Structures are given as structure tokens and as C-alpha cells.
Amino acid sequence: MEFPEGFVWGAATAAYQIEGSPGADGRGPSIWDTFSHTPGRVADGDTGDEATDHYRRYRDDVAMMASLGLPAYRFSVSWPRIQPGGKGPANVAGLDHYDRLVDELAAHGITPMLTLYHWDLPQELEDSGGWGERDTAARFAEYAALVGERLGDRVPLWTTLNEPWCAAFLGYAAGVHAPGRTDPALSLRAAHHLLLAHGLGVDALREVLPASAQVSITLNLSAVMPGATSPEATAAVRRIDGLANRLFLDPLFRGHYPADVLRATEALTDWSFVSEDDLAVISTPIDLLGINYYTPTLVDAGPAEPGPTAWPGCSDIRFVQPPGPKTAMGWAIDAQGLRAVVHRVHEEYSPIPQMITENGAAFDDELGADGGVRDPERISYLRDHLAVVHEAIEAGVDLRGYFVWSLLDNFEWSYGYSKRFGIVHVDYPTQHRAWKDSAYWYRQVISTNGIHIE
Ligand code: FCB
């Protein structure tokens with residue numbers, strides 16, 4: 001299966017997951033520093049203090065990307081490196097780092113794709129209410145402008161937010177991500193303020209970026225499917241789809257919130273934090289939609305598991321474990337979910353260009369005696385999902401690129417270092433990088449611009 005000419009191949013990472021060096025060059029604390037240093041929040045007490053030490057090793061890592069033949073690299077900027085307290089003038093030393101990274105990538109012919117927010121909110125902003133506060137959205141736009149001004153001439157692809165669903169609902173409702181709040185009403189405010197931050201950020205970026213630069217957002221869209229054949233299961237699908245997908249897609253592409261979601265959550269909030277003009281700001285046209293996809297979501301009529309959940313107002317809905325093979329995360333492997341998601345966006349929302357900005361799988365990889373890592377399951381996961389991408393392109397979906405998650409093993413949020421998503425293995429005590437078989441395989445995919453299906 002050969003991909004269209006110009007199809008963008010890449011790998012993705014995020015600042016807190018790889019950088020380490022939390023105190024370097026004037027960086028301030030983020031909510032993930034606070035969260036990971038709070039006992040009980042992250043598996044094994046892991047923190048991002050060292051991570052993959054990429055902040056110091058970025059030159060070697062870029063050289064490795066070049067040997068992989070990577071045409072593009074998706075990374076995120078750490079907001080508290082640019083504004084240690086989340087506001088005010090730029091910390092020049094922080095910007096300098098990303099300036100060097102971007103130049104290093106360019107020197108190796110690798111296109112940088114920059115994400116402004118991959119969850120590391122400056123702690124000071126959280127202390128004044130975080131994403132529950134409207135002001136945080138305005139602060140984000142200022143931060144976006146600072147980075148845009150400095151790097152706009154060399155970065156052709158900009159992403160405002162990574163997965164606002166996770167930031168809002170894992171962070172403020174389920175409490176399993178930073179800042180660890182368990183307040184369903186607050187999580188809905190957070191979702192709105194994240195979307196508003198996106199819209200204000202797009203405007204701020206357009207002011208400072210050259211006309212050729214593209215602006216996008218990345219959503220983790222879910223393929224929500226019924227876990228049973230019953231009207232109740234179908235109703236559950238609609239509700240979860242509302243919160244997972246339409247709560248983001250509708251304001252971005254249609255300029256309004258889905259009425260059924262507003263109704264289903266009215267016992268929690270009256271949504272009075274949404275001002276008149278917000279939706280016009282949120283629906284400011286963008287150039288590209290980033291989609292992250294890992295696993296499908298199966299639901300049925302309740303009851304939900306006890307305790308805080310990521311789904312405000314859904315205590316009558318339960319999640320069903322799909323049959324079949326799973327990754328080390330316990331996530332079901334089903335590439336058909338990706339097909340459903342990209343077609344849905346294309347057909348129901350917008351023929352906007354799409355990019356798969358994350359897709360990949362964790363397995364319990366082990367470093368072999370020969371220094372390599374056999375990971376046939378990851379190769380078959382990636383191949384199956386790429387086959388779906390290829391079919392979608394043939395069927396007319398405007399899919400421009402694919403980024404594997406992740407370039408290298410890293411700090412997997414609340415799972416710490418226990419889950420390995422990389423195509424490159426990291427031995428944390430020595431920071432030695434070893435290519436897994438999937439890295440060699442991906443290099444081949446890139447160089448032939450295609451996948452081989454038996
Ligand atoms: C996504 C995140 C990314 C990584 C993968 C496994 O939700 O964007 O940082 O943790 O999941």
C-alpha cells in the first residue's frame with residue numbers, strides 16, 4: 001500500500017514526558033510537577049524530574065530521528081519554561097532552548113510540528129483556579145503569541161492544545177491527571193475555557209505567524225460503540241459520544257455546543273460561564289485537525305463504577321471491556337475505530353485536512369541480550385492502523401500525515417515509566433536508547449512511503 005506523495009510521516013512526544021531538567025534555565029513548576037510529587041498520584045512514585053533527559057540530550061535525539069529518516073517531529077513546548085508563572089514577559093532562556101531544538105531539526109531536514117499545550121499548566125495559574133477560570137484562556141493566548149513571535153519563521157505547523165478532553169475530564173473530574181481535582185461541574189467549565197483558549201490562541205497566532213503557517217488543534221476522538229444490542233446501549237452511546245466528541249467538534253466546526261449535552265449536564269451547571277461571543281472565537285477556522293486514536297470505547301446502560309469518573313452526569317452508564325487482544329494499557333486493539341473516527345469527521349463535520357497526530361501501543365518490551373527489542377505486536381498494531389489510514393485516503397478522506405506515539409519510551413503520566421510506548425527503548429538508569437524492531441520497521445515504511453500487507 002503506497003501513500004500519496006507528500007504524506008507526512010513523523011513521531012510525537014510531549015515536553016513533560018521526555019524533557020526532565022525541571023529547574024533548568026528559569027523554568028517554573030507546572031501542575032504535573034506538583035501532581036507527580038504528590039504521593040499516591042503516579043505509579044511507583046515516578047516523576048518527570050529526569051524523564052528521558054531530552055532537554056539535555058536533544059541533539060543526540062534529533063540525530064537519532066534523522067537516522068530513522070523521520071521527515072517530521074511533533075513535540076510540545078513547556079509553558080512554564082516560557083512563562084515560569086504563566087504570565088508576563090517571556091523567559092528568554094526558555095525560548096532559546098526551543099529555538100535551538102527547531103534549528104537542530106531544520107539542520108537535519110526534519111519539519112517541526114509544535115504543540116503549545118500538552119498539559120503542563122504553570123502551577124501559579126492553577127493556584128488561581130486553573131482551567132476553571134476564564135482568565136487562563138487569555139493567559140494562554142499571550143503565551144501562544146510569545147512562542148509564535150519567536151519560532152513562527154521556522155515552524156510551519158502549530159497546534160494549540162493536545163487533547164482538551166483529557167485536560168478537562170481526567171484532570172478536573174476523574175482526578176487521575178493533574179491537577180487531580182474531582183469536581184464534575186468544574187470539569188465542564190475547564191472544557192469550555194480550554195476551547196476558548198484554543199480560539200483565542202488561534203487569533204493570537206495568526207497575528208504573529210507568517211501567512212503560510214498552519215494552525216490546528218489535536219483531539220482524542222473516541223469511536224464510541226454499543227456494548228450490547230439494546231435501546232439503552234444506543235442511548236448510552238449518544239451520551240458518551242456527546243461528552244467525548246461532540247462537546248469539542250460541535251463548537252469548533254459548527255459554532256455551538258450540542259444541545260443534548262447541555263441538557264444532560266444541567267443538574268451540574270447552567271453553563272453560564274459561556275459568554276455570547278465565545279463560540280465565534282472557538283469556531284475560528286483552522287487549517288488542519290489533529291486526531292489521536294488508540295482504542296475504541298464500548299458502553300452500555302449503567303451503573304458506573306463507584307468513585308470519581310471522567311464522565312460528568314453519567315453515573316448510569318458503564319464501560320464494557322471489548323473482547324480480543326489488548327495492549328499493556330489494557331486497551332483493546334481495533335483499528336476499525338480509527339476508520340470510524342476519520343470518516344465521521346470528514347463526512348459529518350468538515351472536509352478539513354486531518355492528521356493522525358498520535359497512534360501507537362504500549363507493550364511490556366524487554367531489552368534482549370543482543371541489545372535489541374523484539375516488538376512484533378507493536379509492528380502489527382501500527383501496520384493495521386496504517387492500513388486503515390490508507391483505505392480512508394483512498395475513500396476520499398483528506399488525511400495528510402501520521403505520527404507514531406511515541407518516538408521513545410517516556411513518562412506515561414499516572415502510569416509513570418511502567419508503560420512503554422516508544423519505537424525506541426529507553427534504559428532509564430543509563431538513558432541508553434535502543435531501537436526496537438518497530439523503529440527499523442518504521443524507517444522502512446518511511447523510506448518506501450508505504451506498508452507491506454501479506
Ligand atoms: C495520549 C497523550 C500522550 C500519551 C498517549 C499514550 O492521550 O496525548 O501524551 O500519553 O496518550
# chains A, B, ... in the order shown; residues from 1 in each chain; ligands from 1

$ residues_around --residues "Tyr349 in chain A" --least-positions-apart "5" --cutoff "9 Å" --atoms "only C-alpha atoms" --output "list in words"
Leu249, Asp250, Phe253, Arg254 and Arg344 of chain A

$ residues_around --residues "Asp375 in chain A" --least-positions-apart "5" --cutoff "7 Å" --atoms "only C-alpha atoms" --output "compact mmCIF listing (two decimals) with all heavy atoms, in the first residue's frame"
# COMPACT_ATOMS: atom_id res chain seq x y z
N ASP A 365 7.91 -4.37 26.70
CA ASP A 365 9.12 -4.62 25.93
C ASP A 365 10.30 -4.94 26.84
O ASP A 365 10.45 -4.36 27.90
CB ASP A 365 9.49 -3.37 25.12
CG ASP A 365 8.36 -2.90 24.23
OD1 ASP A 365 7.76 -3.74 23.54
OD2 ASP A 365 8.06 -1.69 24.24
N LYS A 436 13.88 -0.39 18.86
CA LYS A 436 13.09 -1.62 18.86
C LYS A 436 12.93 -2.05 17.39
O LYS A 436 13.16 -1.25 16.47
CB LYS A 436 11.71 -1.38 19.49
CG LYS A 436 11.80 -0.86 20.94
CD LYS A 436 10.41 -0.61 21.56
CE LYS A 436 10.54 0.14 22.88
NZ LYS A 436 9.23 0.49 23.49
N ASP A 437 12.49 -3.29 17.19
CA ASP A 437 12.26 -3.74 15.80
C ASP A 437 11.30 -2.79 15.08
O ASP A 437 11.43 -2.56 13.88
CB ASP A 437 11.68 -5.16 15.78
CG ASP A 437 12.74 -6.21 16.10
OD1 ASP A 437 13.95 -5.83 16.21
OD2 ASP A 437 12.38 -7.39 16.25
N SER A 438 10.34 -2.25 15.84
CA SER A 438 9.35 -1.36 15.22
C SER A 438 10.01 -0.09 14.67
O SER A 438 9.51 0.49 13.70
CB SER A 438 8.25 -0.97 16.21
OG SER A 438 8.80 -0.40 17.38

$ closest_atom_pairs --of "chain A" --to "ligand 1" --cutoff "7 Å" --atoms "only C-alpha atoms and all ligand atoms" --output "tab-separated table"
residue	atom	partner	partner_atom_place_in_ligand_line	distance
A:Thr13	CA	ligand 1	9 (O)	7.0
A:Ala14	CA	ligand 1	9 (O)	6.1
A:Asn162	CA	ligand 1	8 (O)	6.2
A:Glu163	CA	ligand 1	8 (O)	6.2
A:Cys166	CA	ligand 1	7 (O)	7.0
A:Asn220	CA	ligand 1	7 (O)	6.8
A:Trp405	CA	ligand 1	5 (C)	6.7
A:Glu412	CA	ligand 1	10 (O)	5.2
A:Trp413	CA	ligand 1	10 (O)	6.2
A:Phe421	CA	ligand 1	6 (C)	6.9

$ write_last_selection --atoms "all heavy atoms" --output "mmCIF file, in the first residue's frame"
data_model
loop_
_atom_site.group_PDB
_atom_site.id
_atom_site.type_symbol
_atom_site.label_atom_id
_atom_site.label_comp_id
_atom_site.auth_asym_id
_atom_site.auth_seq_id
_atom_site.Cartn_x
_atom_site.Cartn_y
_atom_site.Cartn_z
ATOM 1 N N THR A 13 6.131 13.395 20.666
ATOM 2 C CA THR A 13 6.487 13.366 22.091
ATOM 3 C C THR A 13 5.760 14.534 22.761
ATOM 4 O O THR A 13 5.081 15.309 22.100
ATOM 5 C CB THR A 13 8.003 13.581 22.323
ATOM 6 O OG1 THR A 13 8.355 14.895 21.855
ATOM 7 C CG2 THR A 13 8.855 12.531 21.630
ATOM 8 N N ALA A 14 5.937 14.671 24.080
ATOM 9 C CA ALA A 14 5.423 15.843 24.792
ATOM 10 C C ALA A 14 6.448 16.250 25.845
ATOM 11 O O ALA A 14 7.144 15.397 26.413
ATOM 12 C CB ALA A 14 4.093 15.522 25.464
ATOM 13 N N ASN A 162 -3.294 19.877 22.975
ATOM 14 C CA ASN A 162 -3.385 18.440 22.811
ATOM 15 C C ASN A 162 -4.495 17.908 23.705
ATOM 16 O O ASN A 162 -4.466 18.101 24.929
ATOM 17 C CB ASN A 162 -2.065 17.770 23.216
ATOM 18 C CG ASN A 162 -2.157 16.254 23.136
ATOM 19 O OD1 ASN A 162 -2.222 15.690 22.047
ATOM 20 N ND2 ASN A 162 -2.216 15.579 24.287
ATOM 21 N N GLU A 163 -5.464 17.239 23.107
ATOM 22 C CA GLU A 163 -6.492 16.508 23.845
ATOM 23 C C GLU A 163 -7.124 17.288 25.003
ATOM 24 O O GLU A 163 -6.962 16.926 26.165
ATOM 25 C CB GLU A 163 -5.913 15.187 24.382
ATOM 26 C CG GLU A 163 -5.348 14.291 23.294
ATOM 27 C CD GLU A 163 -4.975 12.895 23.802
ATOM 28 O OE1 GLU A 163 -5.014 12.666 25.024
ATOM 29 O OE2 GLU A 163 -4.651 12.038 22.981
ATOM 30 N N CYS A 166 -8.882 15.254 27.767
ATOM 31 C CA CYS A 166 -8.086 14.707 28.878
ATOM 32 C C CYS A 166 -7.791 15.785 29.906
ATOM 33 O O CYS A 166 -7.903 15.562 31.114
ATOM 34 C CB CYS A 166 -6.767 14.119 28.380
ATOM 35 S SG CYS A 166 -6.977 12.649 27.370
ATOM 36 N N ASN A 220 -8.514 13.915 20.999
ATOM 37 C CA ASN A 220 -8.547 12.455 21.115
ATOM 38 C C ASN A 220 -9.986 12.014 20.888
ATOM 39 O O ASN A 220 -10.769 11.917 21.821
ATOM 40 C CB ASN A 220 -8.035 11.984 22.486
ATOM 41 C CG ASN A 220 -8.761 12.621 23.659
ATOM 42 O OD1 ASN A 220 -8.994 13.826 23.670
ATOM 43 N ND2 ASN A 220 -9.113 11.808 24.635
ATOM 44 N N TRP A 405 3.020 7.471 18.172
ATOM 45 C CA TRP A 405 3.280 7.736 19.586
ATOM 46 C C TRP A 405 3.910 6.479 20.147
ATOM 47 O O TRP A 405 3.237 5.471 20.198
ATOM 48 C CB TRP A 405 2.007 8.075 20.384
ATOM 49 C CG TRP A 405 2.407 8.395 21.804
ATOM 50 C CD1 TRP A 405 2.558 7.523 22.851
ATOM 51 C CD2 TRP A 405 2.785 9.689 22.295
ATOM 52 N NE1 TRP A 405 3.012 8.185 23.964
ATOM 53 C CE2 TRP A 405 3.155 9.507 23.639
ATOM 54 C CE3 TRP A 405 2.858 10.968 21.720
ATOM 55 C CZ2 TRP A 405 3.589 10.585 24.440
ATOM 56 C CZ3 TRP A 405 3.282 12.017 22.518
ATOM 57 C CH2 TRP A 405 3.634 11.824 23.867
ATOM 58 N N GLU A 412 4.745 8.031 31.191
ATOM 59 C CA GLU A 412 3.364 7.859 30.724
ATOM 60 C C GLU A 412 2.381 8.330 31.815
ATOM 61 O O GLU A 412 1.620 7.558 32.364
ATOM 62 C CB GLU A 412 3.121 6.411 30.291
ATOM 63 C CG GLU A 412 1.718 6.089 29.782
ATOM 64 C CD GLU A 412 1.113 7.109 28.803
ATOM 65 O OE1 GLU A 412 1.831 7.620 27.926
ATOM 66 O OE2 GLU A 412 -0.088 7.401 28.953
ATOM 67 N N TRP A 413 2.452 9.617 32.128
ATOM 68 C CA TRP A 413 1.508 10.263 33.049
ATOM 69 C C TRP A 413 1.319 9.462 34.333
ATOM 70 O O TRP A 413 2.305 9.105 34.959
ATOM 71 C CB TRP A 413 0.192 10.566 32.304
ATOM 72 C CG TRP A 413 0.445 11.327 31.029
ATOM 73 C CD1 TRP A 413 0.221 10.884 29.750
ATOM 74 C CD2 TRP A 413 1.029 12.646 30.873
ATOM 75 N NE1 TRP A 413 0.611 11.844 28.835
ATOM 76 C CE2 TRP A 413 1.109 12.922 29.487
ATOM 77 C CE3 TRP A 413 1.488 13.627 31.773
ATOM 78 C CZ2 TRP A 413 1.614 14.125 28.969
ATOM 79 C CZ3 TRP A 413 1.989 14.812 31.257
ATOM 80 C CH2 TRP A 413 2.044 15.045 29.889
ATOM 81 N N PHE A 421 5.698 3.081 25.317
ATOM 82 C CA PHE A 421 5.049 3.337 24.030
ATOM 83 C C PHE A 421 6.048 3.580 22.907
ATOM 84 O O PHE A 421 5.668 3.756 21.757
ATOM 85 C CB PHE A 421 4.152 4.585 24.123
ATOM 86 C CG PHE A 421 2.740 4.344 24.609
ATOM 87 C CD1 PHE A 421 2.421 4.442 25.964
ATOM 88 C CD2 PHE A 421 1.719 4.042 23.716
ATOM 89 C CE1 PHE A 421 1.117 4.250 26.407
ATOM 90 C CE2 PHE A 421 0.417 3.851 24.154
ATOM 91 C CZ PHE A 421 0.108 3.945 25.500
#

$ residues_around --residues "His452 in chain A" --least-positions-apart "2" --cutoff "8 Å" --atoms "only C-alpha atoms" --output "number ranges by chain"
A: 1, 450, 454

$ write_last_selection --atoms "C-alpha atoms" --output "compact mmCIF listing (two decimals), in the first residue's frame"
# COMPACT_ATOMS: atom_id res chain seq x y z
CA MET A 1 0.00 0.00 0.00
CA GLY A 450 4.18 2.53 2.20
CA GLU A 454 0.81 -10.05 3.35

$ closest_residue --among "A:Pro296, A:Pro22, A:Gly130, A:Gly199" --to "Gln321 in chain A" --atoms "only C-alpha atoms"
A:Pro296
